[in-house]
Amino acid sequence: MGILRSPSVAMELEQAIRTRRTHKAFSPEPLDRTTLDELFELACWAPNHKLTNPWRFRVLGPLALQRLKDAAGDPVLASKLDRAPTLVAVSTTRSGDPVLDDEDALATGTAAYIVLLAAHGRGLAGYWRTPEVLRTDAGRAALQVPDDERILGLLYLGHPRQEPRVPERAPVGDVASYLE
């Protein structure tokens, strides 16, 4: 017997996917731990070959944020880390097997998207960013990331202060093809 799906649930999901936006204007209050834990629990449902659960989420407190800003060096780049009241570093474990590591990085990217989509579903705002500091030894040290993990990016999360514009998307014909 298959899983029954309600058409209204599908429509709600489609609406959430179509209305999620990149937000860069947040109110100052950070997200509470309970909400973050709920978002991370949902992320654990990301599809993941071999069930390695490779995603790691590090919520930056004030000291970790300051370490990362110091590692960025350039004050302009460091100031971009202050855009949201809650920052989450997303990393993926590495096994040394290049195929598994690629699969795990993609699964972790999917888990990060689930966090963004679930946050949106709760009326929260967020966006994904990959600042250069994350690819430096100083940035890795600031976030206490071990050598067997690869940092994929930062999630900026918070309560929205304004509605962002709706960006134009590529038509399906530009991104999909049907092979015979």
# chains A, B, ... in the order shown; residues from 1 in each chain; ligands from 1
$ residues_around --residues "Arg18 (chain A)" --least-positions-apart "3" --cutoff "12 Å" --atoms "only C-alpha atoms" --output "PyMOL selection string"
chain A and resi 11-15+21-22+117+120-121+166-169
$ select_by_dssp --residues "region 15-148 of chain A" --states "alpha helix (DSSP H)" --output "compact mmCIF listing (two decimals) with C-alpha atoms, in the first residue's frame"
# COMPACT_ATOMS: atom_id res chain seq x y z
CA GLN A 15 4.08 27.34 -2.48
CA ALA A 16 6.84 27.17 0.13
CA ILE A 17 9.42 26.32 -2.54
CA ARG A 18 8.23 29.13 -4.81
CA THR A 19 8.01 31.79 -2.08
CA ARG A 33 17.76 26.92 20.46
CA THR A 34 14.47 25.02 20.34
CA THR A 35 13.66 26.40 16.88
CA LEU A 36 17.17 25.69 15.64
CA ASP A 37 17.04 22.12 16.94
CA GLU A 38 13.71 21.61 15.15
CA LEU A 39 15.25 22.87 11.89
CA PHE A 40 18.30 20.62 12.30
CA GLU A 41 16.11 17.61 13.07
CA LEU A 42 14.24 18.17 9.82
CA ALA A 43 17.55 18.49 7.98
CA PRO A 62 29.41 35.80 19.98
CA LEU A 63 32.95 34.47 20.59
CA ALA A 64 32.89 32.18 17.54
CA LEU A 65 31.53 35.02 15.41
CA GLN A 66 34.31 37.33 16.59
CA ARG A 67 36.93 34.64 15.83
CA LEU A 68 35.52 34.28 12.32
CA LYS A 69 35.46 38.05 11.79
CA ASP A 70 39.08 38.24 12.98
CA ALA A 71 39.99 35.42 10.59
CA ALA A 72 38.33 37.32 7.71
CA PRO A 75 36.77 44.84 7.94
CA VAL A 76 34.41 45.06 4.96
CA LEU A 77 34.31 41.26 4.61
CA ALA A 78 34.02 40.83 8.38
CA SER A 79 31.07 43.24 8.53
CA PRO A 98 36.05 10.74 -3.48
CA VAL A 99 32.71 9.33 -4.67
CA LEU A 100 31.26 9.08 -1.16
CA ASP A 101 32.61 12.53 -0.30
CA ASP A 102 30.85 14.03 -3.36
CA GLU A 103 27.59 12.27 -2.45
CA ASP A 104 27.88 13.44 1.15
CA ALA A 105 28.59 17.06 0.13
CA LEU A 106 25.46 17.05 -2.04
CA ALA A 107 23.41 15.47 0.75
CA THR A 108 24.68 18.16 3.12
CA GLY A 109 23.71 20.88 0.66
CA THR A 110 20.24 19.35 0.57
CA ALA A 111 20.12 19.30 4.37
CA ALA A 112 21.08 22.99 4.41
CA TYR A 113 18.25 23.74 1.97
CA ILE A 114 15.83 21.89 4.22
CA VAL A 115 16.89 24.22 7.07
CA LEU A 116 16.20 27.25 4.86
CA LEU A 117 12.87 25.90 3.62
CA ALA A 118 11.72 24.84 7.10
CA ALA A 119 12.73 28.24 8.49
CA HIS A 120 10.67 29.89 5.74
CA GLY A 121 7.73 27.66 6.65
CA ASP A 137 42.95 27.68 7.77
CA ALA A 138 42.12 30.64 10.03
CA GLY A 139 38.41 30.33 9.23
CA ARG A 140 38.44 26.58 9.89
CA ALA A 141 40.22 27.17 13.20
CA ALA A 142 37.75 29.92 14.17
$ select_by_dssp --residues "region 24-75 of chain A" --states "strand (DSSP E or B)" --output "list of chain:residue names"
A:Phe26, A:Trp55, A:Arg56, A:Phe57, A:Arg58, A:Val59
$ closest_residue --among "A:Asn48, A:Ser177, A:Thr93, A:Ser27" --to "Gly126 (chain A)" --atoms "only C-alpha atoms"
A:Ser27
$ residues_around --residues "Thr86 (chain A)" --least-positions-apart "3" --cutoff "9 Å" --atoms "only C-alpha atoms" --output "list in words"
Glu29, Pro30, Leu31, Val59, Leu60, Gly61, Asp82, Arg83, Leu155, Tyr156, Leu157 and Gly158 of chain A
$ write_last_selection --atoms "C-alpha atoms" --output "compact mmCIF listing (two decimals), in the first residue's frame"
# COMPACT_ATOMS: atom_id res chain seq x y z
CA GLU A 29 16.81 38.93 17.86
CA PRO A 30 18.57 35.57 17.28
CA LEU A 31 16.66 32.35 16.81
CA VAL A 59 25.66 27.72 15.55
CA LEU A 60 28.00 30.66 16.05
CA GLY A 61 27.86 32.36 19.42
CA ASP A 82 26.91 40.72 10.97
CA ARG A 83 23.97 40.69 8.53
CA LEU A 155 23.30 29.91 6.81
CA TYR A 156 22.14 33.38 7.81
CA LEU A 157 18.90 33.07 9.78
CA GLY A 158 16.53 35.38 11.61
$ closest_residue --among "A:Lys24, A:Arg58, A:His49, A:Arg94" --to "Leu81 (chain A)" --atoms "only C-alpha atoms"
A:Lys24
$ atom_distance --atom1 "CA of Pro146 (chain A)" --atom2 "CA of Thr92 (chain A)"
10.5 Å
$ closest_residue --among "A:Ala170, A:Leu124, A:Asp148, A:Lys50" --to "Pro85 (chain A)" --atoms "only C-alpha atoms"
A:Leu124
$ decode --residues "region 46-84 of chain A" --atoms "C-alpha atoms" --output "mmCIF file, in the first residue's frame"
data_model
loop_
_atom_site.group_PDB
_atom_site.id
_atom_site.type_symbol
_atom_site.label_atom_id
_atom_site.label_comp_id
_atom_site.auth_asym_id
_atom_site.auth_seq_id
_atom_site.Cartn_x
_atom_site.Cartn_y
_atom_site.Cartn_z
ATOM 1 C CA ALA A 46 17.755 14.760 3.730
ATOM 2 C CA PRO A 47 18.352 11.929 1.269
ATOM 3 C CA ASN A 48 21.714 10.410 1.999
ATOM 4 C CA HIS A 49 23.285 7.436 0.217
ATOM 5 C CA LYS A 50 24.657 4.877 2.690
ATOM 6 C CA LEU A 51 23.046 6.831 5.571
ATOM 7 C CA THR A 52 26.335 8.419 6.629
ATOM 8 C CA ASN A 53 24.566 11.498 8.099
ATOM 9 C CA PRO A 54 27.465 13.700 6.966
ATOM 10 C CA TRP A 55 25.974 17.111 7.794
ATOM 11 C CA ARG A 56 27.297 19.162 10.681
ATOM 12 C CA PHE A 57 25.742 22.405 11.896
ATOM 13 C CA ARG A 58 27.663 24.823 14.136
ATOM 14 C CA VAL A 59 25.660 27.724 15.550
ATOM 15 C CA LEU A 60 28.000 30.658 16.047
ATOM 16 C CA GLY A 61 27.855 32.361 19.415
ATOM 17 C CA PRO A 62 29.413 35.801 19.984
ATOM 18 C CA LEU A 63 32.947 34.473 20.587
ATOM 19 C CA ALA A 64 32.892 32.179 17.541
ATOM 20 C CA LEU A 65 31.530 35.020 15.408
ATOM 21 C CA GLN A 66 34.311 37.332 16.591
ATOM 22 C CA ARG A 67 36.926 34.644 15.827
ATOM 23 C CA LEU A 68 35.520 34.277 12.317
ATOM 24 C CA LYS A 69 35.461 38.049 11.789
ATOM 25 C CA ASP A 70 39.077 38.244 12.982
ATOM 26 C CA ALA A 71 39.985 35.425 10.587
ATOM 27 C CA ALA A 72 38.332 37.320 7.712
ATOM 28 C CA GLY A 73 40.815 40.142 8.288
ATOM 29 C CA ASP A 74 39.282 42.720 5.964
ATOM 30 C CA PRO A 75 36.775 44.839 7.945
ATOM 31 C CA VAL A 76 34.407 45.061 4.962
ATOM 32 C CA LEU A 77 34.310 41.263 4.607
ATOM 33 C CA ALA A 78 34.024 40.835 8.377
ATOM 34 C CA SER A 79 31.070 43.235 8.525
ATOM 35 C CA LYS A 80 29.111 40.972 6.139
ATOM 36 C CA LEU A 81 29.114 38.363 8.919
ATOM 37 C CA ASP A 82 26.908 40.724 10.970
ATOM 38 C CA ARG A 83 23.971 40.688 8.526
ATOM 39 C CA ALA A 84 21.884 38.151 10.466
#
